[in-house]
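Colleague: My structure file entry_14.txt, compact mmCIF, C-alpha atoms, is below:
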```txt
# COMPACT_ATOMS: atom_id res chain seq x y z
CA MET V 1 12.11 -20.29 -7.83
CA VAL V 2 9.62 -20.13 -4.98
CA SER V 3 10.23 -22.43 -2.04
CA GLU V 4 7.66 -24.01 0.26
CA GLU V 5 8.38 -21.20 2.75
CA LYS V 6 7.64 -18.60 -0.01
CA GLU V 7 11.28 -17.63 -0.36
CA GLU V 8 12.04 -16.42 -3.89
CA VAL V 9 15.27 -16.77 -5.87
CA PRO V 10 15.24 -15.31 -9.38
CA PHE V 11 16.48 -17.38 -12.33
CA ASN V 12 19.43 -15.92 -14.26
CA ASN V 13 17.86 -16.73 -17.62
CA ILE V 14 14.35 -17.27 -18.90
CA ILE V 15 13.26 -20.79 -19.81
CA SER V 16 11.03 -21.16 -22.84
CA THR V 17 8.84 -24.26 -22.92
CA ALA V 18 7.88 -23.29 -26.49
CA ALA V 19 11.51 -23.49 -27.65
CA ALA V 20 11.59 -27.10 -26.39
CA ASN V 21 8.37 -27.75 -28.37
CA GLY V 22 6.71 -28.61 -25.08
CA ALA V 23 9.05 -31.60 -24.58
CA VAL V 24 9.03 -31.85 -20.79
CA GLU V 25 12.30 -33.82 -20.64
CA LYS V 26 14.05 -30.91 -22.40
CA TRP V 27 12.74 -27.91 -20.53
CA LEU V 28 12.85 -29.57 -17.09
CA LEU V 29 16.56 -30.18 -17.61
CA GLN V 30 16.85 -26.47 -18.45
CA VAL V 31 14.99 -25.66 -15.21
CA GLU V 32 17.47 -27.82 -13.30
CA LYS V 33 20.45 -26.13 -14.96
CA ALA V 34 18.90 -22.72 -14.26
CA MET V 35 18.57 -23.71 -10.59
CA PHE V 36 22.28 -24.63 -10.36
CA ASP V 37 23.35 -21.47 -12.24
CA SER V 38 21.15 -19.16 -10.17
CA ILE V 39 22.20 -20.55 -6.79
CA HIS V 40 25.85 -20.48 -7.91
CA HIS V 41 25.47 -16.84 -8.98
CA VAL V 42 23.65 -15.73 -5.81
CA THR V 43 26.22 -17.54 -3.62
CA GLY V 44 29.08 -15.77 -5.42
CA GLU V 45 27.36 -12.38 -5.02
CA GLY V 46 26.63 -13.11 -1.35
CA LEU V 47 30.29 -13.90 -0.69
CA LYS V 48 31.39 -10.66 -2.38
CA SER V 49 29.04 -8.54 -0.27
CA TYR V 50 29.70 -10.34 3.04
CA GLU V 51 32.47 -7.98 4.16
CA LEU V 52 30.76 -4.79 2.94
CA LYS V 53 28.10 -4.74 5.69
CA PRO V 54 27.80 -5.68 9.37
CA ARG V 55 27.11 -9.43 9.48
CA ASP V 56 23.79 -9.14 11.33
CA GLU V 57 22.50 -6.80 8.57
CA TRP V 58 23.97 -8.84 5.70
CA VAL V 59 22.11 -11.99 6.77
CA LEU V 60 18.74 -10.35 6.07
CA ASP V 61 19.54 -9.67 2.38
CA TRP V 62 20.12 -13.20 1.07
CA PRO V 63 18.32 -16.57 0.69
CA GLY V 64 18.63 -18.87 3.72
CA MET V 65 20.93 -21.47 2.18
CA VAL V 66 23.22 -18.74 0.79
CA VAL V 67 23.50 -17.18 4.25
CA LEU V 68 24.49 -20.53 5.79
CA VAL V 69 27.05 -21.44 3.14
CA CYS V 70 28.66 -17.97 2.95
CA THR V 71 29.01 -17.74 6.73
CA ALA V 72 30.56 -21.26 6.66
CA VAL V 73 33.13 -20.15 4.03
CA TYR V 74 34.13 -17.10 6.08
CA TRP V 75 34.16 -19.12 9.30
CA THR V 76 36.56 -21.65 7.71
CA LYS V 77 38.81 -18.81 6.55
CA GLY V 78 38.63 -17.05 9.93
CA VAL V 79 39.41 -20.15 11.98
CA THR V 80 42.33 -21.12 9.73
CA GLU V 81 43.84 -17.62 10.13
CA ALA V 82 43.19 -17.61 13.90
CA ILE V 83 44.92 -21.00 14.32
CA THR V 84 47.92 -19.89 12.23
CA LYS V 85 48.29 -16.65 14.22
CA GLY V 86 47.61 -18.39 17.55
CA GLN V 87 44.49 -16.29 18.20
CA THR V 88 41.81 -18.96 18.65
CA LYS V 89 40.73 -17.44 21.99
CA LYS V 90 40.20 -14.06 20.30
CA TYR V 91 38.28 -15.65 17.42
CA GLU V 92 36.10 -17.52 19.93
CA GLU V 93 35.10 -14.15 21.43
CA MET V 94 34.29 -12.84 17.95
CA CYS V 95 32.09 -15.90 17.24
CA THR V 96 30.23 -15.34 20.51
CA SER V 97 29.65 -11.65 19.76
CA ASP V 98 28.44 -12.48 16.19
CA LEU V 99 26.05 -15.05 17.67
CA LEU V 100 24.66 -12.63 20.27
CA LYS V 101 24.08 -9.97 17.58
CA VAL V 102 22.03 -12.48 15.55
CA VAL V 103 20.07 -13.45 18.67
CA ASP V 104 19.31 -9.75 19.28
CA ARG V 105 18.06 -9.49 15.68
CA VAL V 106 15.70 -12.42 16.25
CA ARG V 107 14.10 -10.50 19.13
CA GLY V 108 13.40 -7.49 16.87
CA GLU V 109 10.95 -6.90 14.01
CA LEU V 110 11.48 -9.46 11.24
CA THR V 111 9.51 -11.09 8.47
CA SER V 112 8.75 -14.77 9.07
CA LEU V 113 11.22 -15.66 6.30
CA GLN V 114 14.05 -13.66 7.90
CA ARG V 115 13.20 -15.25 11.26
CA LYS V 116 13.55 -18.72 9.71
CA THR V 117 16.92 -17.82 8.17
CA LEU V 118 18.22 -16.48 11.49
CA GLY V 119 16.87 -19.51 13.37
CA ALA V 120 18.89 -21.83 11.16
CA LEU V 121 21.92 -19.53 11.38
CA VAL V 122 21.84 -19.55 15.20
CA VAL V 123 22.05 -23.38 15.21
CA MET V 124 25.04 -23.29 12.82
CA ASP V 125 26.69 -20.42 14.72
CA VAL V 126 26.39 -22.21 18.07
CA HIS V 127 28.07 -25.28 16.61
CA ALA V 128 30.76 -23.18 14.89
CA ARG V 129 31.51 -21.43 18.18
CA ASP V 130 31.58 -24.71 20.11
CA VAL V 131 34.18 -26.05 17.65
CA VAL V 132 36.38 -22.97 18.17
CA VAL V 133 35.96 -23.17 21.98
CA GLN V 134 37.06 -26.82 21.92
CA MET V 135 40.08 -26.08 19.73
CA ALA V 136 41.12 -23.15 21.95
CA GLU V 137 40.91 -25.46 24.99
CA ASP V 138 42.91 -28.16 23.21
CA GLY V 139 45.56 -25.62 22.23
CA VAL V 140 45.36 -26.29 18.47
CA SER V 141 48.19 -24.27 16.90
CA ASP V 142 48.61 -25.80 13.44
CA ALA V 143 46.05 -25.57 10.61
CA ARG V 144 46.95 -29.19 9.77
CA ASP V 145 45.96 -30.43 13.23
CA PHE V 146 43.50 -33.35 12.99
CA LYS V 147 41.05 -31.59 15.34
CA TRP V 148 40.62 -28.89 12.68
CA LEU V 149 40.83 -31.16 9.63
CA ALA V 150 38.05 -33.30 11.14
CA GLN V 151 35.58 -30.38 10.87
CA LEU V 152 33.32 -29.71 7.88
CA ARG V 153 35.16 -26.92 6.05
CA TYR V 154 33.89 -24.84 3.11
CA PHE V 155 36.13 -23.22 0.49
CA TRP V 156 35.33 -20.89 -2.42
CA GLU V 157 37.99 -21.75 -5.02
CA ASP V 158 38.11 -21.25 -8.81
CA GLU V 159 34.62 -19.71 -8.76
CA THR V 160 33.01 -22.75 -7.13
CA LEU V 161 32.42 -24.19 -3.66
CA ARG V 162 34.23 -27.19 -2.26
CA VAL V 163 33.56 -28.90 1.05
CA ARG V 164 36.34 -30.79 2.84
CA MET V 165 36.51 -33.03 5.87
CA ILE V 166 39.60 -35.05 6.87
CA ASN V 167 40.87 -36.39 3.50
CA ALA V 168 37.48 -36.31 1.75
CA GLU V 169 36.42 -33.55 -0.62
CA ALA V 170 33.02 -32.96 -2.24
CA GLN V 171 31.83 -30.41 -4.74
CA TYR V 172 28.99 -28.28 -3.31
CA GLY V 173 25.82 -29.15 -5.24
CA PHE V 174 24.13 -25.71 -5.60
CA GLU V 175 20.79 -27.50 -5.34
CA TYR V 176 18.04 -25.19 -4.11
CA LEU V 177 16.84 -26.31 -0.67
CA GLY V 178 14.46 -23.49 0.19
CA ASN V 179 14.71 -22.01 3.67
CA SER V 180 14.47 -25.03 5.93
CA SER V 181 15.02 -24.98 9.68
CA ARG V 182 17.89 -26.76 11.40
CA LEU V 183 17.39 -29.14 14.28
CA VAL V 184 20.55 -29.75 16.26
CA ILE V 185 24.22 -30.52 15.63
CA THR V 186 25.87 -32.72 18.25
CA PRO V 187 29.31 -34.39 18.33
CA LEU V 188 27.49 -37.48 17.03
CA THR V 189 26.21 -35.47 14.04
CA ASP V 190 29.82 -34.53 13.33
CA ARG V 191 30.85 -38.18 13.40
CA CYS V 192 28.06 -38.96 10.94
CA TYR V 193 29.32 -36.13 8.70
CA ARG V 194 32.78 -37.73 8.74
CA THR V 195 31.44 -41.18 7.88
CA LEU V 196 29.15 -39.88 5.13
CA MET V 197 31.76 -37.51 3.65
CA GLY V 198 34.20 -40.43 3.54
CA ALA V 199 31.53 -42.53 1.84
CA ILE V 200 30.69 -39.86 -0.76
CA HIS V 201 34.41 -39.46 -1.44
CA LEU V 202 34.49 -43.18 -2.34
CA ASN V 203 31.29 -42.94 -4.43
CA LEU V 204 29.32 -44.77 -1.73
CA GLY V 205 26.21 -43.68 0.21
CA GLY V 206 24.80 -43.90 3.71
CA ALA V 207 21.51 -44.35 5.57
CA PRO V 208 21.24 -42.65 8.98
CA ALA V 209 18.70 -44.37 11.24
CA GLY V 210 17.50 -43.60 14.76
CA PRO V 211 14.79 -42.01 16.92
CA ALA V 212 13.14 -38.65 16.18
CA GLY V 213 14.86 -35.40 17.10
CA THR V 214 18.40 -36.78 17.19
CA GLY V 215 19.67 -34.98 14.07
CA LYS V 216 19.31 -37.55 11.25
CA THR V 217 18.24 -34.97 8.67
CA GLU V 218 20.98 -32.59 9.78
```
Just dump the structure as C-alpha cells.
Modeller:
Amino acid sequence: MVSEEKEEVPFNNIISTAAANGAVEKWLLQVEKAMFDSIHHVTGEGLKSYELKPRDEWVLDWPGMVVLVCTAVYWTKGVTEAITKGQTKKYEEMCTSDLLKVVDRVRGELTSLQRKTLGALVVMDVHARDVVVQMAEDGVSDARDFKWLAQLRYFWEDETLRVRMINAEAQYGFEYLGNSSRLVITPLTDRCYRTLMGAIHLNLGGAPAGPAGTGKTE
C-alpha cells in the first residue's frame, strides 16, 4: 500500500486479479482483507519491538498509524500501573521526558515522512501527558476511578486491539489511514470522543459540526 504521503506498507500476501478472472468485486475485497491483515500484522510486530529499543529510535521504524496506536497501548498500560502503584507523578515526569526526546528528534535530520509521524506523535504525547498531569493533581489512586475510565484507552488482547472509554468498547478497525497529521486535542475533543464512543457502542453514529481548526476531524 502506498499512501498519499508516499508511506509504504507491504501486503502480507499477493493478490492475483487473474485468479478472480478480472472480477473487480472479488479482487477488491481481497485488497481490503489484505489491508486489514497487513496493518494487524505490522501493529503486532510494532508492539513486540516497542520495548527492545529507545522509544525515540523505535518511532522512526514504523508506519505513522502504527506508531500512534502502539504508543497508546503502552501509555494505557503505563498509566494503569502508575495509578495502581501510586506513582502518577513519576509517570508524568517520564511522559515529559519522552515528549522532549521526540521534540529533539524533530529538530534533527529526518525524512519528510518521519517528520510527519513525529509531528502527529507530539500532538498525541502532549495530550497523553496532560491527562497524566491532571490525574496526578486530582490524586487518582484507583484504576477504576472515573477520571481514568473516561479517557480513550487502548488494549492489545487476544491478538487484536480494543479501544475502551467509560463503559463503551470498540474493536480497532485496522483500516489503513496513511500518515496524516493531527490538529489539536482539547478537553472538548475528549467529550466528543466520549459521546461518539457511546454512540458507536450502541450502533449509532455522530456528525461533528463547527468552525475550522477546532478539532472536528480529530
Colleague: Please, what distance in Å, to one decimal, runs between atom CA of Ala128 of chain V and atom CA of Thr76 of chain V?
Modeller: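 Going from atom CA of Ala128 of chain V over to atom CA of Thr76 of chain V covers 9.4 Å.
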Colleague: Between atom CA of Glu45 of chain V and atom CA of Pro63 of chain V, what is the distance, to one decimal in Å?
Modeller: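 Value for the atom CA of Glu45 of chain V-atom CA of Pro63 of chain V distance: 11.5 Å.
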Colleague: Show me as a VMD selection string the residues that reach within 10 Å of (27.3, -19.3, 16.9), counting all atoms listed in the file and using the file's own coordinates.
Modeller: chain V and resid 92 94 to 103 121 to 132
Colleague: Emit the selected residues as a PDB file, in the frame of the given file, including C-alpha atoms.
Modeller:
```
ATOM      1  CA  GLU V  92      36.100 -17.520  19.930  1.00  0.00           C
ATOM      2  CA  MET V  94      34.290 -12.840  17.950  1.00  0.00           C
ATOM      3  CA  CYS V  95      32.090 -15.900  17.240  1.00  0.00           C
ATOM      4  CA  THR V  96      30.230 -15.340  20.510  1.00  0.00           C
ATOM      5  CA  SER V  97      29.650 -11.650  19.760  1.00  0.00           C
ATOM      6  CA  ASP V  98      28.440 -12.480  16.190  1.00  0.00           C
ATOM      7  CA  LEU V  99      26.050 -15.050  17.670  1.00  0.00           C
ATOM      8  CA  LEU V 100      24.660 -12.630  20.270  1.00  0.00           C
ATOM      9  CA  LYS V 101      24.080  -9.970  17.580  1.00  0.00           C
ATOM     10  CA  VAL V 102      22.030 -12.480  15.550  1.00  0.00           C
ATOM     11  CA  VAL V 103      20.070 -13.450  18.670  1.00  0.00           C
ATOM     12  CA  LEU V 121      21.920 -19.530  11.380  1.00  0.00           C
ATOM     13  CA  VAL V 122      21.840 -19.550  15.200  1.00  0.00           C
ATOM     14  CA  VAL V 123      22.050 -23.380  15.210  1.00  0.00           C
ATOM     15  CA  MET V 124      25.040 -23.290  12.820  1.00  0.00           C
ATOM     16  CA  ASP V 125      26.690 -20.420  14.720  1.00  0.00           C
ATOM     17  CA  VAL V 126      26.390 -22.210  18.070  1.00  0.00           C
ATOM     18  CA  HIS V 127      28.070 -25.280  16.610  1.00  0.00           C
ATOM     19  CA  ALA V 128      30.760 -23.180  14.890  1.00  0.00           C
ATOM     20  CA  ARG V 129      31.510 -21.430  18.180  1.00  0.00           C
ATOM     21  CA  ASP V 130      31.580 -24.710  20.110  1.00  0.00           C
ATOM     22  CA  VAL V 131      34.180 -26.050  17.650  1.00  0.00           C
ATOM     23  CA  VAL V 132      36.380 -22.970  18.170  1.00  0.00           C
TER      24      VAL V 132
END
```
Colleague: To box segment 113-121 of chain V, take all atoms listed in the file, fit an axis-aligned box, add 3 Å on each side, and give centre and edge lengths in Å to one decimal, as lines of an AutoDock Vina configuration file.
Modeller:
```
center_x = 16.6
center_y = -17.7
center_z = 9.8
size_x = 16.7
size_y = 14.2
size_z = 13.1
```
Colleague: Quick one, how far is atom CA of Val73 of chain V from atom CA of Tyr172 of chain V?
Modeller: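 Answer for the atom CA of Val73 of chain V to atom CA of Tyr172 of chain V separation: 11.7 Å.
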Colleague: Please identify all polymer residues within 7 Å of segment 192-208 of chain V, counting only C-alpha atoms, omitting same-chain residues fewer than 2 positions from it, and present them as a ChimeraX atom specification.
Modeller: /V:165,168-170,188-190,210,216
Colleague: Any idea what's packed within 12 Å of segment 112-119 of chain V, counting all atoms listed in the file, ignoring anything in its chain fewer than 5 positions away? Could you give it as a ChimeraX atom specification?
Modeller: /V:3-8,55-69,71,98-107,124-126,178-184
Colleague: Kindly export the residues of the current selection with C-alpha atoms, as a compact mmCIF listing (two decimals), in the frame of the given file.
Modeller:
```txt
# COMPACT_ATOMS: atom_id res chain seq x y z
CA SER V 3 10.23 -22.43 -2.04
CA GLU V 4 7.66 -24.01 0.26
CA GLU V 5 8.38 -21.20 2.75
CA LYS V 6 7.64 -18.60 -0.01
CA GLU V 7 11.28 -17.63 -0.36
CA GLU V 8 12.04 -16.42 -3.89
CA ARG V 55 27.11 -9.43 9.48
CA ASP V 56 23.79 -9.14 11.33
CA GLU V 57 22.50 -6.80 8.57
CA TRP V 58 23.97 -8.84 5.70
CA VAL V 59 22.11 -11.99 6.77
CA LEU V 60 18.74 -10.35 6.07
CA ASP V 61 19.54 -9.67 2.38
CA TRP V 62 20.12 -13.20 1.07
CA PRO V 63 18.32 -16.57 0.69
CA GLY V 64 18.63 -18.87 3.72
CA MET V 65 20.93 -21.47 2.18
CA VAL V 66 23.22 -18.74 0.79
CA VAL V 67 23.50 -17.18 4.25
CA LEU V 68 24.49 -20.53 5.79
CA VAL V 69 27.05 -21.44 3.14
CA THR V 71 29.01 -17.74 6.73
CA ASP V 98 28.44 -12.48 16.19
CA LEU V 99 26.05 -15.05 17.67
CA LEU V 100 24.66 -12.63 20.27
CA LYS V 101 24.08 -9.97 17.58
CA VAL V 102 22.03 -12.48 15.55
CA VAL V 103 20.07 -13.45 18.67
CA ASP V 104 19.31 -9.75 19.28
CA ARG V 105 18.06 -9.49 15.68
CA VAL V 106 15.70 -12.42 16.25
CA ARG V 107 14.10 -10.50 19.13
CA MET V 124 25.04 -23.29 12.82
CA ASP V 125 26.69 -20.42 14.72
CA VAL V 126 26.39 -22.21 18.07
CA GLY V 178 14.46 -23.49 0.19
CA ASN V 179 14.71 -22.01 3.67
CA SER V 180 14.47 -25.03 5.93
CA SER V 181 15.02 -24.98 9.68
CA ARG V 182 17.89 -26.76 11.40
CA LEU V 183 17.39 -29.14 14.28
CA VAL V 184 20.55 -29.75 16.26
```
Colleague: Looking at V:Ala143, V:Ile15, V:Met135, V:Leu47, which one is nearest to Lys89 of chain V, with distances taken over only C-alpha atoms?
Modeller: V:Met135
Colleague: Which residue, V:Asn12, V:Thr84, V:Thr160, V:Thr17, has the smallest gap to Asp37 of chain V when you use all atoms listed in the file?
Modeller: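 Nearest candidate to Asp37 of chain V out of V:Asn12, V:Thr84, V:Thr160, V:Thr17: V:Asn12.
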Colleague: Would you mind listing what lies within 10 Å of Asp145 of chain V as a list in words, with only C-alpha atoms counted and same-chain residues fewer than 4 positions away left out?
Modeller: Ile83, Met135, Val140, Ser141, Leu149 and Ala150 of chain V
Colleague: Restricting the calculation to all atoms listed in the file, which member of V:Leu177, V:Ile14, V:Ala212, V:Ala136 is positioned closest to Gln30 of chain V?
Modeller: V:Ile14
